[in-house]
>>> print(open('protein-v3.cif').read())   # mmCIF, C-alpha atoms
data_coords
#
loop_
_atom_site.label_atom_id
_atom_site.label_comp_id
_atom_site.auth_asym_id
_atom_site.auth_seq_id
_atom_site.Cartn_x
_atom_site.Cartn_y
_atom_site.Cartn_z
CA MET A 1 -232.01 -35.60 -103.78
CA SER A 2 -229.29 -35.67 -106.42
CA GLU A 3 -230.15 -32.03 -107.17
CA LEU A 4 -229.88 -31.17 -103.46
CA SER A 5 -226.51 -32.91 -103.47
CA SER A 6 -225.21 -31.11 -106.52
CA ARG A 7 -226.47 -27.68 -105.42
CA SER A 8 -225.01 -28.07 -101.91
CA GLY A 9 -221.85 -29.91 -102.91
CA VAL A 10 -222.61 -32.52 -100.23
CA PRO A 11 -222.36 -36.13 -101.51
CA VAL A 12 -225.66 -38.06 -101.78
CA ALA A 13 -224.42 -40.66 -99.27
CA THR A 14 -223.79 -37.90 -96.72
CA VAL A 15 -227.21 -36.36 -97.33
CA LYS A 16 -228.78 -39.79 -96.76
CA TYR A 17 -226.77 -40.18 -93.56
CA TYR A 18 -228.03 -36.83 -92.24
CA LEU A 19 -231.60 -37.90 -93.11
CA ARG A 20 -231.17 -41.21 -91.27
CA GLU A 21 -229.63 -39.47 -88.26
CA GLY A 22 -232.53 -37.03 -88.09
CA LEU A 23 -230.45 -33.91 -88.73
CA LEU A 24 -232.15 -33.13 -92.03
CA PRO A 25 -235.94 -33.46 -92.34
CA GLU A 26 -237.39 -35.65 -95.11
CA GLY A 27 -238.36 -33.88 -98.31
CA GLU A 28 -241.99 -33.64 -99.39
CA ARG A 29 -242.86 -37.01 -100.92
CA VAL A 30 -244.19 -36.46 -104.48
CA ALA A 31 -244.03 -40.09 -105.66
CA ALA A 32 -243.15 -43.47 -104.15
CA THR A 33 -239.48 -43.05 -105.00
CA ARG A 34 -239.15 -39.29 -105.20
CA ALA A 35 -239.18 -36.49 -102.62
CA ASP A 36 -238.89 -32.77 -103.17
CA TYR A 37 -236.15 -30.82 -101.42
CA GLY A 38 -236.40 -27.05 -101.42
CA GLU A 39 -234.44 -23.97 -100.36
CA GLU A 40 -235.18 -24.78 -96.72
CA HIS A 41 -233.32 -28.08 -97.05
CA LEU A 42 -230.40 -26.36 -98.73
CA ARG A 43 -230.12 -23.87 -95.86
CA ARG A 44 -230.43 -26.65 -93.31
CA LEU A 45 -227.70 -28.64 -95.02
CA ALA A 46 -225.37 -25.62 -94.93
CA LEU A 47 -226.09 -25.22 -91.23
CA ILE A 48 -225.35 -28.91 -90.53
CA ARG A 49 -222.06 -28.67 -92.42
CA ALA A 50 -221.04 -25.58 -90.46
CA LEU A 51 -221.82 -27.22 -87.10
CA ILE A 52 -220.02 -30.48 -87.89
CA GLY A 53 -217.17 -28.84 -89.81
CA VAL A 54 -215.86 -25.63 -88.24
CA GLY A 55 -218.09 -26.07 -85.18
CA GLY A 56 -216.36 -29.40 -84.54
CA LEU A 57 -219.53 -31.02 -83.21
CA SER A 58 -220.22 -34.74 -83.29
CA VAL A 59 -223.39 -35.84 -85.10
CA ALA A 60 -225.08 -36.34 -81.71
CA ALA A 61 -224.09 -32.86 -80.53
CA ALA A 62 -225.21 -31.32 -83.83
CA ARG A 63 -228.56 -33.08 -83.42
CA ALA A 64 -228.94 -31.57 -79.94
CA VAL A 65 -228.08 -28.11 -81.26
CA LEU A 66 -230.56 -28.42 -84.12
CA ARG A 67 -233.24 -29.65 -81.74
CA GLU A 68 -232.66 -26.56 -79.62
CA ILE A 69 -233.08 -24.40 -82.72
CA ASP A 70 -236.18 -26.30 -83.85
CA HIS A 71 -237.80 -26.24 -80.41
CA PRO A 72 -236.90 -23.01 -78.64
CA PRO A 73 -237.37 -22.98 -74.85
CA GLY A 74 -240.30 -21.16 -73.29
CA SER A 75 -238.58 -17.89 -72.48
CA LEU A 76 -235.56 -15.80 -73.36
CA HIS A 77 -234.33 -16.07 -69.81
CA GLU A 78 -234.21 -19.88 -70.04
CA LEU A 79 -232.51 -19.79 -73.39
CA VAL A 80 -228.82 -19.70 -72.53
CA GLY A 81 -229.08 -22.31 -69.78
CA SER A 82 -231.18 -24.56 -71.97
CA ALA A 83 -228.70 -24.28 -74.82
CA TYR A 84 -225.73 -24.99 -72.57
CA MET A 85 -227.38 -28.04 -71.06
CA ARG A 86 -227.49 -29.51 -74.56
CA LEU A 87 -224.21 -28.33 -76.00
CA PRO A 88 -221.05 -30.27 -75.26
CA SER A 89 -218.83 -28.34 -72.83
CA SER A 90 -216.26 -26.06 -74.42
CA VAL A 91 -213.63 -27.94 -72.36
CA ALA A 92 -212.88 -31.58 -73.22
CA GLY A 93 -213.21 -34.24 -70.52
CA GLU A 94 -215.54 -34.74 -67.59
CA GLY A 95 -215.78 -33.72 -63.96
CA ALA A 96 -214.22 -30.70 -62.31
CA GLY A 97 -210.65 -32.00 -62.11
CA ASP A 98 -208.37 -30.29 -59.63
CA GLY A 99 -209.35 -26.72 -60.41
CA ALA A 100 -212.72 -26.64 -58.63
CA GLY A 101 -211.56 -24.50 -55.73
CA ARG A 102 -209.86 -21.96 -57.95
CA ALA A 103 -212.84 -21.79 -60.32
CA ALA A 104 -215.26 -21.23 -57.44
CA ALA A 105 -213.04 -18.50 -55.97
CA LEU A 106 -212.86 -16.75 -59.35
CA LEU A 107 -216.63 -16.82 -59.89
CA ASP A 108 -217.05 -15.50 -56.37
CA ALA A 109 -214.56 -12.67 -56.96
CA LEU A 110 -216.41 -11.73 -60.14
CA GLY A 111 -219.80 -11.90 -58.48
CA TRP A 112 -221.01 -14.30 -61.17
CA ASP A 113 -223.81 -16.35 -59.73
CA VAL A 114 -223.96 -19.29 -62.13
CA ALA A 115 -225.75 -22.34 -60.83
CA ALA A 116 -224.95 -25.72 -62.41
CA GLU A 117 -228.52 -26.10 -63.67
CA GLU A 118 -228.10 -22.89 -65.70
CA CYS A 119 -224.74 -23.45 -67.28
CA GLY A 120 -224.59 -27.16 -68.05
CA ASP A 121 -221.10 -28.39 -67.57
CA GLU A 122 -219.34 -25.04 -68.00
CA ALA A 123 -218.42 -24.32 -64.38
CA ALA A 124 -216.91 -27.81 -64.19
CA GLY A 125 -215.29 -27.11 -67.57
CA LEU A 126 -213.62 -24.00 -66.20
CA ALA A 127 -212.41 -26.02 -63.21
CA ARG A 128 -211.01 -28.73 -65.53
CA ALA A 129 -209.25 -26.13 -67.66
CA LEU A 130 -207.66 -24.44 -64.63
CA GLY A 131 -206.66 -27.82 -63.19
CA ALA A 132 -204.97 -28.76 -66.48
CA LEU A 133 -202.95 -25.52 -66.52
CA ASP A 134 -201.81 -26.26 -63.01
CA ALA A 135 -200.97 -29.91 -63.81
CA ALA A 136 -198.94 -28.77 -66.81
CA GLY A 137 -196.91 -26.46 -64.60
CA PHE A 138 -198.24 -23.28 -66.21
CA ALA A 139 -198.44 -20.61 -63.52
CA LEU A 140 -201.38 -18.35 -64.36
CA ALA A 141 -201.33 -15.39 -61.96
CA GLU A 142 -204.57 -14.53 -60.20
CA ASP A 143 -204.63 -11.05 -61.74
CA ASP A 144 -204.15 -12.43 -65.24
CA LEU A 145 -207.01 -14.88 -64.71
CA LEU A 146 -209.22 -12.02 -63.53
CA GLY A 147 -208.14 -10.07 -66.59
CA TYR A 148 -209.22 -12.95 -68.84
CA ALA A 149 -212.56 -13.15 -67.09
CA ARG A 150 -213.17 -9.40 -67.45
CA ALA A 151 -212.24 -9.46 -71.14
CA MET A 152 -214.47 -12.44 -71.92
CA GLY A 153 -217.18 -10.92 -69.73
CA GLY A 154 -217.04 -7.75 -71.81
CA ILE A 155 -217.43 -9.78 -75.00
CA ALA A 156 -220.31 -11.79 -73.56
CA ARG A 157 -222.09 -8.75 -72.17
CA GLY A 158 -222.15 -7.16 -75.62
CA GLU A 159 -223.39 -10.40 -77.17
CA VAL A 160 -226.20 -10.79 -74.64
CA ALA A 161 -227.21 -7.16 -75.19
CA ARG A 162 -227.41 -7.83 -78.94
CA THR A 163 -229.65 -10.92 -78.55
CA PRO A 164 -232.66 -10.39 -80.83
CA ALA A 165 -235.20 -10.18 -78.02
CA GLY A 166 -238.31 -9.87 -80.20
CA SER A 167 -238.34 -13.43 -81.53
CA LEU A 168 -237.48 -16.59 -79.63
CA PRO A 169 -236.61 -18.62 -82.76
CA GLU A 170 -234.20 -15.88 -83.84
CA ALA A 171 -232.82 -15.54 -80.33
CA VAL A 172 -232.12 -19.26 -80.06
CA ARG A 173 -230.31 -19.32 -83.41
CA TYR A 174 -228.28 -16.34 -82.24
CA VAL A 175 -227.30 -17.92 -78.93
CA VAL A 176 -226.60 -21.43 -80.20
CA LEU A 177 -224.74 -20.51 -83.38
CA GLY A 178 -223.09 -17.57 -81.64
CA THR A 179 -221.69 -20.02 -79.13
CA VAL A 180 -220.60 -22.86 -81.40
CA LEU A 181 -219.50 -20.90 -84.46
CA VAL A 182 -218.12 -17.71 -82.91
CA GLU A 183 -215.75 -19.63 -80.60
CA PRO A 184 -213.43 -20.62 -83.48
CA VAL A 185 -213.45 -16.99 -84.70
CA LEU A 186 -212.31 -15.77 -81.28
CA LEU A 187 -209.54 -18.36 -80.98
CA ALA A 188 -208.23 -17.68 -84.49
CA LEU A 189 -208.21 -13.92 -83.75
CA ARG A 190 -206.24 -14.44 -80.53
CA ARG A 191 -203.60 -16.51 -82.31
CA LEU A 192 -203.30 -14.03 -85.16
CA ALA A 193 -202.97 -11.22 -82.61
CA HIS A 194 -200.16 -13.19 -80.95
CA VAL A 195 -198.30 -13.26 -84.24
CA GLU A 196 -198.89 -9.55 -84.82
CA TYR A 197 -197.92 -8.42 -81.34
CA SER A 198 -194.92 -10.67 -81.02
CA SER A 199 -193.52 -9.22 -84.19
CA ARG A 200 -194.21 -5.71 -82.80
CA LEU A 201 -193.08 -6.31 -79.22
CA LEU A 202 -190.54 -9.12 -79.22
CA ALA A 203 -188.42 -8.55 -82.32
CA GLY A 204 -185.01 -7.38 -81.23
CA SER A 205 -185.58 -8.01 -77.53
CA ALA A 206 -182.82 -9.32 -75.28
CA ALA A 207 -183.48 -13.03 -75.81
CA ASP A 208 -183.73 -12.55 -79.56
CA ASP A 209 -180.15 -13.56 -80.16
CA PRO A 210 -179.41 -16.92 -81.72
CA ARG A 211 -178.26 -19.24 -78.97
CA MET B 1 -192.81 -47.92 -64.05
CA SER B 2 -195.52 -49.27 -61.79
CA GLU B 3 -194.53 -46.63 -59.25
CA LEU B 4 -194.74 -43.92 -61.92
CA SER B 5 -198.17 -45.24 -62.80
CA SER B 6 -199.43 -45.31 -59.23
CA ARG B 7 -198.00 -41.88 -58.37
CA SER B 8 -199.44 -40.27 -61.51
CA GLY B 9 -202.71 -42.20 -61.62
CA VAL B 10 -202.01 -43.04 -65.27
CA PRO B 11 -202.42 -46.77 -66.12
CA VAL B 12 -199.22 -48.68 -66.95
CA ALA B 13 -200.55 -49.51 -70.43
CA THR B 14 -201.02 -45.79 -71.11
CA VAL B 15 -197.54 -44.96 -69.83
CA LYS B 16 -196.13 -47.63 -72.16
CA TYR B 17 -198.12 -46.18 -75.03
CA TYR B 18 -196.68 -42.70 -74.39
CA LEU B 19 -193.18 -44.22 -74.29
CA ARG B 20 -193.74 -46.03 -77.59
CA GLU B 21 -195.16 -42.89 -79.20
CA GLY B 22 -192.15 -40.87 -78.10
CA LEU B 23 -194.10 -38.47 -75.87
CA LEU B 24 -192.40 -39.63 -72.69
CA PRO B 25 -188.63 -40.24 -72.64
CA GLU B 26 -187.31 -43.61 -71.49
CA GLY B 27 -186.29 -43.86 -67.84
CA GLU B 28 -182.70 -44.37 -66.84
CA ARG B 29 -181.99 -48.07 -67.33
CA VAL B 30 -180.67 -49.54 -64.06
CA ALA B 31 -180.99 -53.22 -64.99
CA ALA B 32 -181.98 -55.27 -68.03
CA THR B 33 -185.64 -55.22 -67.04
CA ARG B 34 -185.81 -52.13 -64.89
CA ALA B 35 -185.65 -48.39 -65.57
CA ASP B 36 -185.80 -45.51 -63.15
CA TYR B 37 -188.41 -42.84 -63.55
CA GLY B 38 -188.02 -39.66 -61.55
CA GLU B 39 -189.81 -36.40 -60.80
CA GLU B 40 -189.06 -35.18 -64.31
CA HIS B 41 -191.06 -38.07 -65.76
CA LEU B 42 -193.92 -37.39 -63.39
CA ARG B 43 -194.07 -33.76 -64.49
CA ARG B 44 -193.84 -34.77 -68.13
CA LEU B 45 -196.70 -37.23 -67.69
CA ALA B 46 -198.89 -34.53 -66.14
CA LEU B 47 -198.11 -32.25 -69.07
CA ILE B 48 -199.00 -34.97 -71.62
CA ARG B 49 -202.31 -35.63 -69.84
CA ALA B 50 -203.16 -31.93 -69.86
CA LEU B 51 -202.40 -31.57 -73.57
CA ILE B 52 -204.35 -34.66 -74.61
CA GLY B 53 -207.16 -34.17 -72.08
CA VAL B 54 -208.29 -30.56 -71.70
CA GLY B 55 -206.07 -29.42 -74.55
CA GLY B 56 -207.94 -31.80 -76.84
CA LEU B 57 -204.81 -32.61 -78.86
CA SER B 58 -204.27 -35.82 -80.78
CA VAL B 59 -201.19 -37.86 -79.87
CA ALA B 60 -199.48 -36.57 -83.02
CA ALA B 61 -200.30 -32.94 -82.17
CA ALA B 62 -199.15 -33.45 -78.57
CA ARG B 63 -195.88 -34.88 -79.90
CA ALA B 64 -195.39 -31.77 -82.06
CA VAL B 65 -196.11 -29.50 -79.09
CA LEU B 66 -193.68 -31.39 -76.85
CA ARG B 67 -191.03 -31.30 -79.55
CA GLU B 68 -191.45 -27.52 -79.71
CA ILE B 69 -190.97 -27.36 -75.94
CA ASP B 70 -187.96 -29.71 -76.04
CA HIS B 71 -186.32 -27.90 -78.95
CA PRO B 72 -187.04 -24.17 -78.71
CA PRO B 73 -186.52 -22.16 -81.88
CA GLY B 74 -183.49 -19.92 -82.28
CA SER B 75 -185.05 -16.65 -81.22
CA LEU B 76 -187.99 -15.24 -79.31
CA HIS B 77 -189.19 -13.52 -82.47
CA GLU B 78 -189.49 -16.86 -84.29
CA LEU B 79 -191.22 -18.48 -81.39
CA VAL B 80 -194.90 -17.79 -82.02
CA GLY B 81 -194.71 -18.53 -85.73
CA SER B 82 -192.74 -21.69 -85.12
CA ALA B 83 -195.26 -22.88 -82.52
CA TYR B 84 -198.22 -22.15 -84.75
CA MET B 85 -196.68 -24.00 -87.69
CA ARG B 86 -196.69 -27.12 -85.49
CA LEU B 87 -199.94 -26.74 -83.59
CA PRO B 88 -203.16 -27.83 -85.23
CA SER B 89 -205.24 -24.82 -86.22
CA SER B 90 -207.76 -23.62 -83.64
CA VAL B 91 -210.42 -24.00 -86.34
CA ALA B 92 -211.37 -27.50 -87.55
CA GLY B 93 -211.12 -28.35 -91.24
CA GLU B 94 -208.79 -27.31 -94.02
CA GLY B 95 -208.43 -24.54 -96.56
CA ALA B 96 -209.84 -21.04 -96.33
CA GLY B 97 -213.46 -21.87 -97.15
CA ASP B 98 -215.64 -18.99 -98.32
CA GLY B 99 -214.49 -16.43 -95.79
CA ALA B 100 -211.10 -15.58 -97.27
CA GLY B 101 -212.12 -12.17 -98.57
CA ARG B 102 -213.72 -11.13 -95.32
CA ALA B 103 -210.77 -12.38 -93.25
CA ALA B 104 -208.28 -10.49 -95.43
CA ALA B 105 -210.37 -7.29 -95.20
CA LEU B 106 -210.50 -7.61 -91.41
CA LEU B 107 -206.74 -8.11 -91.03
CA ASP B 108 -206.22 -5.15 -93.32
CA ALA B 109 -208.59 -2.96 -91.29
CA LEU B 110 -206.76 -3.94 -88.12
CA GLY B 111 -203.34 -3.34 -89.65
CA TRP B 112 -202.28 -6.86 -88.66
CA ASP B 113 -199.56 -7.95 -91.00
CA VAL B 114 -199.57 -11.73 -90.51
CA ALA B 115 -197.89 -13.68 -93.29
CA ALA B 116 -198.87 -17.33 -93.74
CA GLU B 117 -195.35 -18.50 -92.90
CA GLU B 118 -195.65 -16.83 -89.49
CA CYS B 119 -199.06 -17.99 -88.41
CA GLY B 120 -199.38 -21.54 -89.71
CA ASP B 121 -202.93 -22.17 -90.76
CA GLU B 122 -204.53 -19.51 -88.57
CA ALA B 123 -205.37 -16.93 -91.24
CA ALA B 124 -207.03 -19.72 -93.24
CA GLY B 125 -208.67 -20.85 -89.99
CA LEU B 126 -210.18 -17.40 -89.47
CA ALA B 127 -211.43 -17.47 -93.05
CA ARG B 128 -212.98 -20.91 -92.51
CA ALA B 129 -214.66 -19.78 -89.30
CA LEU B 130 -216.13 -16.67 -90.95
CA GLY B 131 -217.25 -18.73 -93.96
CA ALA B 132 -219.03 -21.18 -91.66
CA LEU B 133 -220.91 -18.38 -89.87
CA ASP B 134 -222.02 -17.08 -93.22
CA ALA B 135 -223.05 -20.55 -94.48
CA ALA B 136 -225.07 -21.10 -91.30
CA GLY B 137 -226.97 -17.87 -91.92
CA PHE B 138 -225.51 -16.09 -88.88
CA ALA B 139 -225.14 -12.42 -89.75
CA LEU B 140 -222.12 -11.09 -87.86
CA ALA B 141 -222.00 -7.32 -88.31
CA GLU B 142 -218.69 -5.80 -89.39
CA ASP B 143 -218.52 -3.68 -86.23
CA ASP B 144 -219.09 -6.69 -84.00
CA LEU B 145 -216.34 -8.60 -85.79
CA LEU B 146 -213.99 -5.66 -85.31
CA GLY B 147 -215.01 -5.57 -81.65
CA TYR B 148 -214.09 -9.26 -81.29
CA ALA B 149 -210.73 -8.65 -82.93
CA ARG B 150 -209.96 -5.69 -80.65
CA ALA B 151 -210.94 -7.65 -77.53
CA MET B 152 -208.86 -10.69 -78.48
CA GLY B 153 -206.06 -8.36 -79.59
CA GLY B 154 -206.09 -6.79 -76.13
CA ILE B 155 -205.83 -10.20 -74.51
CA ALA B 156 -203.02 -11.28 -76.84
CA ARG B 157 -201.08 -8.05 -76.41
CA GLY B 158 -201.00 -8.53 -72.65
CA GLU B 159 -199.94 -12.14 -73.07
CA VAL B 160 -197.11 -11.28 -75.44
CA ALA B 161 -195.95 -8.54 -73.07
CA ARG B 162 -195.83 -11.11 -70.25
CA THR B 163 -193.73 -13.60 -72.25
CA PRO B 164 -190.73 -14.51 -70.07
CA ALA B 165 -188.14 -12.94 -72.37
CA GLY B 166 -185.06 -13.99 -70.43
CA SER B 167 -185.20 -17.70 -71.17
CA LEU B 168 -186.16 -19.33 -74.45
CA PRO B 169 -187.17 -22.68 -72.88
CA GLU B 170 -189.48 -20.84 -70.49
CA ALA B 171 -190.80 -18.61 -73.25
CA VAL B 172 -191.66 -21.56 -75.46
CA ARG B 173 -193.52 -23.31 -72.64
CA TYR B 174 -195.40 -20.09 -71.99
CA VAL B 175 -196.40 -19.61 -75.62
CA VAL B 176 -197.25 -23.22 -76.42
CA LEU B 177 -199.12 -24.04 -73.19
CA GLY B 178 -200.64 -20.56 -73.09
CA THR B 179 -202.12 -21.25 -76.51
CA VAL B 180 -203.34 -24.80 -76.08
CA LEU B 181 -204.39 -24.72 -72.43
CA VAL B 182 -205.61 -21.13 -72.03
CA GLU B 183 -208.03 -21.44 -74.98
CA PRO B 184 -210.43 -23.70 -73.02
CA VAL B 185 -210.26 -21.27 -70.06
CA LEU B 186 -211.31 -18.38 -72.29
CA LEU B 187 -214.18 -20.29 -73.88
CA ALA B 188 -215.51 -21.50 -70.54
CA LEU B 189 -215.35 -17.95 -69.17
CA ARG B 190 -217.29 -16.58 -72.14
CA ARG B 191 -220.04 -19.17 -71.69
CA LEU B 192 -220.27 -18.55 -67.96
CA ALA B 193 -220.43 -14.82 -68.63
CA HIS B 194 -223.31 -15.47 -71.04
CA VAL B 195 -225.21 -17.20 -68.27
CA GLU B 196 -224.46 -14.40 -65.81
CA TYR B 197 -225.33 -11.53 -68.15
CA SER B 198 -228.44 -13.14 -69.58
CA SER B 199 -229.81 -13.53 -66.10
CA ARG B 200 -228.93 -9.87 -65.43
CA LEU B 201 -230.05 -8.41 -68.75
CA LEU B 202 -232.71 -10.68 -70.21
CA ALA B 203 -234.83 -11.76 -67.26
CA GLY B 204 -238.19 -10.02 -67.49
CA SER B 205 -237.61 -8.63 -70.99
CA ALA B 206 -240.42 -8.45 -73.54
CA ALA B 207 -239.93 -11.91 -75.04
CA ASP B 208 -239.66 -13.48 -71.61
CA ASP B 209 -243.29 -14.54 -71.51
CA PRO B 210 -244.18 -18.20 -71.93
CA ARG B 211 -245.39 -18.65 -75.49
#
>>> encode(input="protein-v3.cif", output="structure tokens")
Amino acid sequence: MSELSSRSGVPVATVKYYLREGLLPEGERVAATRADYGEEHLRRLALIRALIGVGGLSVAAARAVLREIDHPPGSLHELVGSAYMRLPSSVAGEGAGDGAGRAAALLDALGWDVAAEECGDEAAGLARALGALDAAGFALAEDDLLGYARAMGGIARGEVARTPAGSLPEAVRYVVLGTVLVEPVLLALRRLAHVEYSSRLLAGSAADDPR
Amino acid sequence: MSELSSRSGVPVATVKYYLREGLLPEGERVAATRADYGEEHLRRLALIRALIGVGGLSVAAARAVLREIDHPPGSLHELVGSAYMRLPSSVAGEGAGDGAGRAAALLDALGWDVAAEECGDEAAGLARALGALDAAGFALAEDDLLGYARAMGGIARGEVARTPAGSLPEAVRYVVLGTVLVEPVLLALRRLAHVEYSSRLLAGSAADDPR
């Protein structure tokens, strides 16, 4: 275990914690006080760190994600729904908040037929997110919201088309990690693009005078 | 204060906490033991709840965001950079992790010239996010990463173009709330689109047989 710790850079106490919490499987016991940890454990440890670190998952959520990866659902079609039932919603909080009507109207306008049992808490998450914008006094025009949905739909369509359809274990890794770990990539790219485009578009504009 | 609490649905203890933490300004004192809270306070309270709830901000981060809104920077051009220096990064953790080289190559390929002093921790955040994907064994092809950047760039370009350029206080609200509160909308839309497109594209595909 101390070798696993030194090779991975994860402290022994943390490795023991992941073992206790069932995130990391036990090594192969070779003596009463010694277990062997191999490359598989090293890869698993890196995955756990990515989920809990950049992925921002709690230990319980990481356990659910790993369980999904370890026990893929019966079919590719079930995969996304099954994953989203286990993953925490991308939107903090619970319930649909005040945005339920607007969210339902949007999904209707898009022709997206997403039943609650297929998408976990995400439809409620969208409703919460729209309700929060409204509560904060941020007026998001209907056309702009549709534009967001079409842009994210385009991203998602490409991702679904790229799902490795030949192997369920690979497909589940792709869907689960592609959800949890690609989200931060997308958000960072949007913010960086804001910086880039505001320096291109806003520098020297009317309001750019010191007040 | 009890009226503010009952009208907003926020418990008195929580209102007092926000006052103590400097998120909510004091009401106008009308007697030694009584202060008046008006519509402005009600709106402010809704904004705080949105930032801390769906926005997922800590009290300290919410305070920084509110300070940005209360004290806009000197020019529209400074706005995005100034906001991002105060906001927590969209990617959990610190430092650039192992993805710094890949992030720099991507920004270079895109021609995005984003200096660290303009984008807070976001370039490091992108590097962290890419490093975590790599550590988790998720192979994100270069073309797919470029596709993500172009899609998010398209979203951001439209947002920057819609910035209300005539008024700095309005512009700062737009940028800050548009960052913190639109992010959950985008993520929820991507997940819902996954559900929609996997039912359109994956149902009945080769791997869709029970194993």
>>> resolve_selection(input="protein-v3.cif", expression="the PyMOL selection byres ((chain B and resi 49) around 12)", output="compact mmCIF listing (two decimals) with C-alpha atoms, in the frame of the given file")
# COMPACT_ATOMS: atom_id res chain seq x y z
CA ALA A 92 -212.88 -31.58 -73.22
CA GLY A 93 -213.21 -34.24 -70.52
CA GLY A 97 -210.65 -32.00 -62.11
CA ARG A 128 -211.01 -28.73 -65.53
CA ALA A 129 -209.25 -26.13 -67.66
CA GLY A 131 -206.66 -27.82 -63.19
CA ALA A 132 -204.97 -28.76 -66.48
CA LEU A 133 -202.95 -25.52 -66.52
CA ASP A 134 -201.81 -26.26 -63.01
CA ALA A 135 -200.97 -29.91 -63.81
CA ALA A 136 -198.94 -28.77 -66.81
CA GLY A 137 -196.91 -26.46 -64.60
CA SER B 8 -199.44 -40.27 -61.51
CA GLY B 9 -202.71 -42.20 -61.62
CA VAL B 10 -202.01 -43.04 -65.27
CA PRO B 11 -202.42 -46.77 -66.12
CA THR B 14 -201.02 -45.79 -71.11
CA VAL B 15 -197.54 -44.96 -69.83
CA TYR B 18 -196.68 -42.70 -74.39
CA LEU B 23 -194.10 -38.47 -75.87
CA LEU B 24 -192.40 -39.63 -72.69
CA LEU B 42 -193.92 -37.39 -63.39
CA ARG B 43 -194.07 -33.76 -64.49
CA ARG B 44 -193.84 -34.77 -68.13
CA LEU B 45 -196.70 -37.23 -67.69
CA ALA B 46 -198.89 -34.53 -66.14
CA LEU B 47 -198.11 -32.25 -69.07
CA ILE B 48 -199.00 -34.97 -71.62
CA ALA B 50 -203.16 -31.93 -69.86
CA LEU B 51 -202.40 -31.57 -73.57
CA ILE B 52 -204.35 -34.66 -74.61
CA GLY B 53 -207.16 -34.17 -72.08
CA VAL B 54 -208.29 -30.56 -71.70
CA GLY B 55 -206.07 -29.42 -74.55
CA GLY B 56 -207.94 -31.80 -76.84
CA LEU B 57 -204.81 -32.61 -78.86
CA SER B 58 -204.27 -35.82 -80.78
CA VAL B 59 -201.19 -37.86 -79.87
CA ALA B 62 -199.15 -33.45 -78.57
CA ARG B 63 -195.88 -34.88 -79.90
CA LEU B 66 -193.68 -31.39 -76.85
CA LEU B 181 -204.39 -24.72 -72.43
>>> closest_residue(input="protein-v3.cif", among="B:Leu177, B:Ala105, B:Leu186, B:Ala100", to="Glu142 of chain B", atoms="only C-alpha atoms")
B:Ala105
>>> resolve_selection(input="protein-v3.cif", expression="the PyMOL selection byres ((chain B and resi 126) around 7)", output="PDB file with C-alpha atoms, in the frame of the given file")
ATOM      1  CA  VAL A 185    -213.450 -16.990 -84.700  1.00  0.00           C
ATOM      2  CA  ALA A 188    -208.230 -17.680 -84.490  1.00  0.00           C
ATOM      3  CA  LEU A 189    -208.210 -13.920 -83.750  1.00  0.00           C
TER       4      LEU A 189
ATOM      5  CA  ALA B 103    -210.770 -12.380 -93.250  1.00  0.00           C
ATOM      6  CA  GLU B 122    -204.530 -19.510 -88.570  1.00  0.00           C
ATOM      7  CA  ALA B 123    -205.370 -16.930 -91.240  1.00  0.00           C
ATOM      8  CA  ALA B 124    -207.030 -19.720 -93.240  1.00  0.00           C
ATOM      9  CA  GLY B 125    -208.670 -20.850 -89.990  1.00  0.00           C
ATOM     10  CA  ALA B 127    -211.430 -17.470 -93.050  1.00  0.00           C
ATOM     11  CA  ARG B 128    -212.980 -20.910 -92.510  1.00  0.00           C
ATOM     12  CA  ALA B 129    -214.660 -19.780 -89.300  1.00  0.00           C
ATOM     13  CA  LEU B 130    -216.130 -16.670 -90.950  1.00  0.00           C
TER      14      LEU B 130
END
>>> closest_residue(input="protein-v3.cif", among="A:Ser6, A:Ser75, A:Thr163, A:Ser82", to="chain B", atoms="only C-alpha atoms")
A:Ser75
>>> closest_residue(input="protein-v3.cif", among="B:Glu183, B:Glu3, B:Asp121, B:Asp70", to="Met152 of chain A", atoms="all atoms listed in the file")
B:Glu183
>>> resolve_selection(input="protein-v3.cif", expression="the PyMOL selection byres ((chain B and resi 154) around 12)", output="PyMOL selection string")
(chain A and resi 147-148+150-152+154-155+189-194+196-197) or (chain B and resi 147-153+155-161)
>>> residues_around(input="protein-v3.cif", residues="Val176 of chain A", least_positions_apart="6", cutoff="10 Å", atoms="only C-alpha atoms", output="VMD selection string")
chain A and resid 65 to 66 68 to 69 79 to 80 82 to 84 86 to 87 182
>>> atom_distance(input="protein-v3.cif", atom1="atom CA of Ala165 of chain B", atom2="atom CA of Glu40 of chain B")
23.7 Å
>>> atom_distance(input="protein-v3.cif", atom1="atom CA of Arg200 of chain B", atom2="atom CA of Glu94 of chain A")
28.3 Å
>>> decode(input="protein-v3.cif", residues="segment 50-62 of chain B", atoms="C-alpha atoms", output="PDB file, in the first residue's frame")
ATOM      1  CA  ALA B  50     -30.132  32.396  -6.212  1.00  0.00           C
ATOM      2  CA  LEU B  51     -26.356  32.792  -5.934  1.00  0.00           C
ATOM      3  CA  ILE B  52     -25.999  30.522  -2.905  1.00  0.00           C
ATOM      4  CA  GLY B  53     -28.665  28.033  -4.023  1.00  0.00           C
ATOM      5  CA  VAL B  54     -28.575  27.216  -7.727  1.00  0.00           C
ATOM      6  CA  GLY B  55     -25.379  29.208  -8.227  1.00  0.00           C
ATOM      7  CA  GLY B  56     -23.680  26.936  -5.696  1.00  0.00           C
ATOM      8  CA  LEU B  57     -21.538  29.775  -4.322  1.00  0.00           C
ATOM      9  CA  SER B  58     -20.112  29.883  -0.819  1.00  0.00           C
ATOM     10  CA  VAL B  59     -21.053  32.885   1.321  1.00  0.00           C
ATOM     11  CA  ALA B  60     -17.591  34.350   0.680  1.00  0.00           C
ATOM     12  CA  ALA B  61     -17.928  33.886  -3.102  1.00  0.00           C
ATOM     13  CA  ALA B  62     -21.438  35.366  -3.042  1.00  0.00           C
TER      14      ALA B  62
END
